[in-house]
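> Structure: work16.txt, compact mmCIF, C-alpha atoms and all ligand atoms.
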```txt
# COMPACT_ATOMS: atom_id res chain seq x y z
CA MET A 1 -1.72 46.45 6.36
CA LYS A 2 -3.90 44.95 3.64
CA LYS A 3 -5.80 41.75 4.34
CA ILE A 4 -4.47 38.47 2.94
CA THR A 5 -7.00 37.33 0.35
CA TYR A 6 -4.84 35.21 -1.99
CA ALA A 7 -3.84 31.61 -1.41
CA VAL A 8 -1.76 29.18 -3.48
CA ILE A 9 -2.55 25.46 -3.40
CA PRO A 10 0.10 23.43 -5.27
CA VAL A 11 -1.57 20.39 -6.87
CA ALA A 12 1.07 19.30 -9.37
CA GLY A 13 2.40 16.27 -7.46
CA PHE A 14 1.94 12.86 -9.09
CA GLY A 15 0.88 11.19 -5.85
CA THR A 16 3.14 8.16 -6.24
CA ARG A 17 2.58 7.25 -2.57
CA MET A 18 -1.15 6.97 -3.32
CA LEU A 19 -0.94 4.55 -6.26
CA PRO A 20 -2.99 2.80 -7.56
CA LEU A 21 -5.75 5.14 -6.25
CA SER A 22 -4.06 8.15 -7.84
CA LYS A 23 -3.39 6.53 -11.24
CA SER A 24 -6.36 8.16 -12.97
CA VAL A 25 -7.82 10.34 -10.18
CA PRO A 26 -5.75 13.28 -8.88
CA LYS A 27 -4.81 12.48 -5.27
CA GLU A 28 -6.38 15.79 -4.20
CA LEU A 29 -9.78 14.47 -5.35
CA LEU A 30 -9.60 11.21 -3.40
CA PRO A 31 -12.40 11.10 -0.85
CA LEU A 32 -12.11 11.82 2.83
CA GLY A 33 -15.56 10.69 3.97
CA ASN A 34 -18.10 12.18 1.57
CA ARG A 35 -15.97 14.92 -0.01
CA PRO A 36 -12.72 15.10 -1.97
CA ALA A 37 -9.75 15.95 0.27
CA ILE A 38 -9.14 19.33 -1.39
CA HIS A 39 -12.70 20.43 -0.58
CA TYR A 40 -11.75 20.73 3.11
CA VAL A 41 -8.55 22.62 2.32
CA VAL A 42 -10.42 25.19 0.23
CA GLU A 43 -13.09 25.53 2.94
CA GLU A 44 -10.33 26.11 5.49
CA ALA A 45 -8.84 28.89 3.34
CA ILE A 46 -12.21 30.56 2.81
CA ALA A 47 -13.01 30.42 6.54
CA ALA A 48 -9.75 32.32 7.18
CA GLY A 49 -10.78 35.11 4.79
CA ILE A 50 -9.19 33.95 1.50
CA LYS A 51 -11.05 35.12 -1.61
CA HIS A 52 -8.74 34.08 -4.47
CA ILE A 53 -7.44 30.55 -4.67
CA VAL A 54 -4.73 29.71 -7.18
CA LEU A 55 -4.20 26.03 -7.94
CA VAL A 56 -0.81 25.22 -9.47
CA GLY A 57 -1.08 22.05 -11.55
CA HIS A 58 -0.73 20.49 -14.97
CA ALA A 59 -2.87 18.89 -17.68
CA GLN A 60 -3.71 15.75 -15.68
CA LYS A 61 -5.10 17.85 -12.84
CA SER A 62 -7.85 19.76 -14.65
CA ALA A 63 -10.52 17.65 -12.88
CA ILE A 64 -9.67 19.62 -9.71
CA GLU A 65 -10.50 22.92 -11.40
CA ASN A 66 -13.74 21.38 -12.68
CA TYR A 67 -14.71 20.37 -9.15
CA PHE A 68 -14.81 24.05 -8.14
CA ASP A 69 -16.69 25.12 -11.27
CA ILE A 70 -20.45 25.07 -11.79
CA ASN A 71 -21.45 22.15 -13.98
CA ALA A 72 -24.31 23.91 -15.80
CA GLU A 73 -25.64 20.74 -17.43
CA LEU A 74 -25.75 18.83 -14.16
CA ASP A 75 -27.31 21.84 -12.44
CA THR A 76 -30.10 22.03 -15.05
CA GLN A 77 -30.70 18.26 -14.87
CA LEU A 78 -30.97 18.25 -11.09
CA ARG A 79 -33.31 21.27 -10.99
CA HIS A 80 -35.42 19.75 -13.77
CA LYS A 81 -35.87 16.70 -11.56
CA GLY A 82 -36.85 18.89 -8.59
CA LYS A 83 -33.54 18.23 -6.80
CA ASP A 84 -32.90 21.90 -6.07
CA GLU A 85 -31.47 21.26 -2.63
CA LEU A 86 -28.84 18.90 -4.06
CA ALA A 87 -28.06 21.37 -6.85
CA ASP A 88 -27.65 24.18 -4.29
CA SER A 89 -25.32 22.05 -2.17
CA LEU A 90 -23.00 21.62 -5.17
CA ASN A 91 -22.78 25.40 -5.61
CA TRP A 92 -21.30 25.94 -2.17
CA LEU A 93 -18.43 28.17 -3.22
CA PRO A 94 -19.29 31.75 -2.17
CA ASP A 95 -19.87 34.19 -5.05
CA ASP A 96 -16.98 36.41 -3.98
CA VAL A 97 -14.45 33.54 -4.07
CA THR A 98 -12.52 32.72 -7.25
CA VAL A 99 -10.63 29.51 -7.95
CA SER A 100 -8.19 29.61 -10.85
CA MET A 101 -5.54 27.25 -12.11
CA ILE A 102 -2.12 27.98 -13.48
CA ARG A 103 0.29 25.41 -14.88
CA GLN A 104 3.70 24.76 -13.43
CA GLY A 105 5.35 23.75 -16.71
CA LYS A 106 8.35 21.78 -15.53
CA ALA A 107 7.98 19.83 -12.27
CA LEU A 108 10.97 21.32 -10.47
CA GLY A 109 9.76 21.15 -6.87
CA LEU A 110 7.49 22.84 -4.34
CA GLY A 111 9.38 26.15 -4.41
CA HIS A 112 9.08 26.25 -8.19
CA ALA A 113 5.33 25.48 -7.95
CA VAL A 114 4.75 28.43 -5.59
CA LEU A 115 6.76 30.71 -7.89
CA ALA A 116 4.55 29.61 -10.81
CA ALA A 117 1.59 31.37 -9.11
CA GLN A 118 3.33 34.78 -9.24
CA PRO A 119 1.57 35.98 -12.43
CA ILE A 120 -1.79 35.72 -10.63
CA ILE A 121 -0.66 36.75 -7.13
CA GLY A 122 1.18 39.82 -8.42
CA GLU A 123 2.27 42.16 -5.60
CA HIS A 124 -0.01 40.67 -2.93
CA ASN A 125 1.11 38.90 0.21
CA PHE A 126 -0.40 35.42 0.24
CA ALA A 127 -1.00 32.11 2.00
CA VAL A 128 0.11 28.65 0.82
CA LEU A 129 -1.84 25.51 1.74
CA LEU A 130 -0.41 22.09 0.87
CA PRO A 131 -3.37 19.85 0.04
CA ASP A 132 -1.78 16.62 1.32
CA VAL A 133 -2.42 17.89 4.81
CA VAL A 134 -6.02 18.31 5.95
CA LEU A 135 -6.68 19.98 9.29
CA ASP A 136 -9.44 18.37 11.32
CA PRO A 137 -12.63 20.20 10.27
CA PHE A 138 -14.79 18.48 12.91
CA ASN A 139 -12.92 19.83 15.91
CA THR A 140 -14.99 23.03 16.35
CA ASP A 141 -13.51 25.67 14.04
CA MET A 142 -9.91 25.13 15.11
CA SER A 143 -8.53 24.33 11.68
CA ALA A 144 -9.64 27.66 10.21
CA ASP A 145 -8.44 29.38 13.36
CA ASN A 146 -4.84 28.31 12.71
CA LEU A 147 -4.68 30.13 9.38
CA ALA A 148 -6.67 33.10 10.69
CA PHE A 149 -4.22 33.37 13.63
CA MET A 150 -1.26 33.31 11.24
CA ILE A 151 -2.80 36.00 9.03
CA ASN A 152 -3.49 38.23 12.07
CA ALA A 153 0.02 37.72 13.40
CA PHE A 154 1.46 38.60 9.98
CA ASN A 155 -0.67 41.74 9.82
CA GLU A 156 0.53 42.75 13.27
CA ASP A 157 4.29 42.32 12.94
CA GLY A 158 4.93 41.77 9.21
CA HIS A 159 6.76 38.48 9.74
CA SER A 160 5.90 35.60 7.42
CA GLN A 161 4.30 32.74 9.35
CA ILE A 162 4.71 28.98 9.11
CA LEU A 163 2.49 26.46 10.89
CA VAL A 164 4.32 23.71 12.79
CA ASP A 165 3.26 20.75 14.88
CA GLU A 166 5.25 18.34 17.01
CA VAL A 167 5.65 14.94 15.33
CA ALA A 168 6.77 11.53 16.59
CA ASP A 169 10.47 10.57 16.28
CA GLU A 170 9.75 8.13 13.46
CA ASP A 171 8.03 10.81 11.35
CA VAL A 172 10.70 13.53 11.56
CA TYR A 173 12.36 12.45 8.28
CA LYS A 174 9.18 13.21 6.29
CA TYR A 175 9.01 16.94 7.03
CA GLY A 176 10.72 20.31 7.10
CA ILE A 177 11.83 20.70 10.75
CA ALA A 178 12.08 24.07 12.52
CA LYS A 179 14.98 25.39 14.58
CA LEU A 180 13.56 28.00 16.94
CA THR A 181 15.37 31.11 18.12
CA ASP A 182 14.39 30.41 21.71
CA THR A 183 12.90 27.11 22.80
CA SER A 184 12.46 27.96 26.48
CA HIS A 185 8.75 28.79 26.25
CA VAL A 186 7.55 26.16 23.78
CA ASN A 187 6.53 23.74 26.51
CA ASP A 188 4.49 26.48 28.20
CA VAL A 189 2.08 26.52 25.25
CA SER A 190 -1.09 24.83 26.38
CA ASP A 191 -3.16 22.65 24.09
CA GLY A 192 -5.73 24.57 22.14
CA ILE A 193 -3.77 27.83 22.05
CA ASN A 194 -1.87 29.17 19.06
CA ALA A 195 1.46 30.75 19.85
CA SER A 196 4.08 32.31 17.63
CA PHE A 197 7.89 31.99 17.96
CA GLY A 198 10.90 33.27 16.06
CA VAL A 199 12.75 30.75 13.95
CA VAL A 200 16.43 30.43 12.98
CA GLY A 201 15.84 28.11 10.04
CA PHE A 202 14.44 24.82 8.74
CA VAL A 203 16.05 21.53 7.83
CA GLU A 204 14.22 19.71 5.05
CA LYS A 205 13.59 16.02 5.80
CA PRO A 206 16.44 15.46 8.30
CA SER A 207 17.31 12.21 10.03
CA LEU A 208 16.29 12.16 13.70
CA GLU A 209 19.93 12.82 14.69
CA GLU A 210 20.18 15.88 12.44
CA ALA A 211 16.75 17.27 13.35
CA PRO A 212 16.97 20.53 15.35
CA SER A 213 13.56 19.86 16.99
CA LYS A 214 10.46 17.79 16.39
CA LEU A 215 8.41 20.76 15.20
CA ALA A 216 7.42 19.85 11.66
CA VAL A 217 6.15 22.15 8.92
CA VAL A 218 2.49 21.20 8.56
CA GLY A 219 1.89 22.78 5.14
CA ARG A 220 0.31 26.15 5.95
CA TYR A 221 2.28 29.34 5.28
CA VAL A 222 1.59 33.08 5.18
CA PHE A 223 4.20 34.85 3.05
CA ASP A 224 5.35 38.35 2.45
CA ASN A 225 5.47 38.86 -1.32
CA LYS A 226 9.29 39.10 -1.06
CA ILE A 227 9.40 35.28 -0.94
CA PHE A 228 9.04 35.40 -4.76
CA ASP A 229 12.38 37.23 -5.07
CA TYR A 230 14.07 34.47 -3.08
CA LEU A 231 12.27 31.67 -4.94
CA ALA A 232 13.44 33.14 -8.24
CA HIS A 233 17.05 32.69 -7.08
CA THR A 234 16.71 29.36 -5.25
CA LYS A 235 18.70 26.50 -6.75
CA ALA A 236 17.71 22.83 -6.63
CA SER A 237 18.85 21.07 -3.43
CA VAL A 238 17.35 18.11 -1.46
CA GLY A 239 15.95 15.55 -3.93
CA GLY A 240 17.17 17.67 -6.88
CA GLU A 241 14.18 20.00 -6.33
CA ILE A 242 13.77 23.75 -5.84
CA GLN A 243 12.73 23.66 -2.22
CA LEU A 244 10.40 26.20 -0.61
CA THR A 245 12.34 25.63 2.61
CA ASP A 246 15.55 27.07 1.07
CA ALA A 247 13.79 30.28 -0.01
CA ILE A 248 12.30 30.57 3.49
CA ASP A 249 15.80 30.29 5.02
CA ALA A 250 16.91 33.19 2.82
CA LEU A 251 13.84 35.21 3.87
CA ILE A 252 14.63 34.50 7.54
CA SER A 253 18.18 35.81 7.31
CA LYS A 254 17.00 39.17 5.95
CA TYR A 255 13.56 39.74 7.50
CA GLY A 256 12.87 37.12 10.17
CA VAL A 257 10.07 34.53 10.04
CA ASN A 258 7.87 33.18 12.82
CA VAL A 259 6.35 29.77 13.36
CA THR A 260 2.87 29.24 14.76
CA ILE A 261 2.25 26.15 16.86
CA MET A 262 -0.80 24.34 15.51
CA ARG A 263 -4.05 23.77 17.40
CA GLY A 264 -6.19 20.71 16.75
CA ASP A 265 -5.14 17.73 14.61
CA SER A 266 -3.90 17.35 11.07
CA TYR A 267 -4.29 14.37 8.71
CA ASP A 268 -1.80 13.40 6.02
CA ALA A 269 -3.87 12.48 2.96
CA GLY A 270 -0.80 12.06 0.73
CA ASP A 271 0.44 8.83 2.27
CA MET A 272 -1.57 5.60 1.87
CA ARG A 273 -1.54 4.46 5.48
CA SER A 274 -2.44 7.80 7.04
CA TYR A 275 -4.92 8.49 4.21
CA MET A 276 -6.82 5.32 5.08
CA GLN A 277 -6.87 6.27 8.77
CA ALA A 278 -8.06 9.77 7.85
CA PHE A 279 -10.79 8.36 5.59
CA VAL A 280 -12.14 6.22 8.42
CA TYR A 281 -12.10 9.21 10.83
CA PHE A 282 -13.87 11.56 8.37
CA ALA A 283 -16.47 8.92 7.46
CA GLN A 284 -17.16 8.12 11.12
CA GLN A 285 -17.63 11.79 11.96
CA GLN A 286 -20.01 12.33 9.06
CA LEU A 287 -22.01 9.17 9.77
CA ALA A 288 -22.35 10.24 13.42
CA ASN A 289 -23.50 13.73 12.38
CA ASP A 290 -26.13 12.19 10.06
CA GLU A 291 -27.67 10.15 12.88
C1 LIG B 1 6.55 19.48 1.91
C2 LIG B 1 7.56 20.47 2.51
C3 LIG B 1 7.90 20.07 3.94
C4 LIG B 1 6.63 19.93 4.75
C5 LIG B 1 5.67 18.93 4.08
C6 LIG B 1 4.33 18.89 4.80
O1 LIG B 1 7.20 18.25 1.69
O2 LIG B 1 8.72 20.54 1.70
O3 LIG B 1 8.74 21.06 4.52
O4 LIG B 1 6.94 19.49 6.07
O5 LIG B 1 5.42 19.30 2.72
O6 LIG B 1 3.51 17.90 4.25
P1 LIG B 1 6.52 17.09 0.74
O7 LIG B 1 5.55 16.36 1.64
O8 LIG B 1 5.87 17.79 -0.39
O9 LIG B 1 7.66 16.22 0.33
```
Please re-express this file's structure in structure tokens.
Ligand code: G1P


Amino acid sequence: MKKITYAVIPVAGFGTRMLPLSKSVPKELLPLGNRPAIHYVVEEAIAAGIKHIVLVGHAQKSAIENYFDINAELDTQLRHKGKDELADSLNWLPDDVTVSMIRQGKALGLGHAVLAAQPIIGEHNFAVLLPDVVLDPFNTDMSADNLAFMINAFNEDGHSQILVDEVADEDVYKYGIAKLTDTSHVNDVSDGINASFGVVGFVEKPSLEEAPSKLAVVGRYVFDNKIFDYLAHTKASVGGEIQLTDAIDALISKYGVNVTIMRGDSYDAGDMRSYMQAFVYFAQQQLANDE
């Protein structure tokens, strides 16, 4: 099977939970330590073998695209001043990686945002990374390993893969929650090991009582291209939005989908409280590494 080299990163959200920080700066560009949050997400994708990154946004998000572009004027200025090392560090994106942006048009939900990338993705299978969630990049290379594991698993058995992690009772309502085909071996999975399980379906943002498990969708997916067919026919549901979760449920009933249990830690950079905690963690790690 062909390698997965395309990834979609939806960046169209208004970031209302991050106001006032996100009023004039896209939430994806808010700092985690010394880099914008989306920098780590793109690095994670590249480390897992992704070569083409498709951002799905709108007019107010063009600063994100600019972040991944070469600023020729700044580059010339820095080199003129003998700051070649700094200039080189800004051009970190590998030459064989492209970052492009496509606009969503109407803001009709996450499923609609992923579908908006179809003109660039074409017939390829692809990954989706939600930029609100940043996997811990300091914990060896575990964060990249999660996506690489999912891509390998997909290449082996052809089942789309969704990354999940167990969350606390009080956080269940914030996520898509997985219902596994067979839960008997989940507790056998030791820390630090990825494992893949069949899934019956997902419930988007359930109450604790309705939740079929505490395994929450973390925001990393590897999809067979067929997901586009389902997204094209998905109607608005929870929150009046076209939900990715609904299209996944349709994909499950026809082809089967697996979940991968996450290794390492993830940080929610789309919620003020957890963003602030994440910022402190990232800054501490980077200050310690500088010493
Ligand atoms: C989205 C997904 C949800 C997932 C979450 C992860 O929700 O719909 O299934 O658990 O991302 O962050 P959102 O946070 O965009 O409302």

> Out of A:Asn34, A:Thr260, A:Ser160, A:Asn152, which residue has the shortest atom-to-atom distance to A:Leu215 when counting only C-alpha atoms?

A:Thr260

> A:Pro94, A:Pro31, A:Pro26, A:Gly219: which is nearest A:Ile64, counting all atoms listed in the file?

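Under the stated criterion, the closest residue is A:Pro26.
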
> Could you please extract the residues within 7 Å of ligand LIG 1 (chain B), counting only C-alpha atoms and all ligand atoms, and hand them back as a PyMOL selection string?

chain A and resi 110+130+132-133+174-177+204+216-219+243-245

> Can you tell me how far atom CA of A:Asp157 sits from atom CA of A:Asp182, in Å to one decimal?

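Between atom CA of A:Asp157 and atom CA of A:Asp182 the gap works out to 17.9 Å.
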
> Using only C-alpha atoms, pick whichever of A:Ala113, A:Ile151, A:Leu78, A:Val259 has the shortest atom-to-atom distance to A:Thr5.

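Ranked by minimum distance to A:Thr5, first place goes to A:Ile151.
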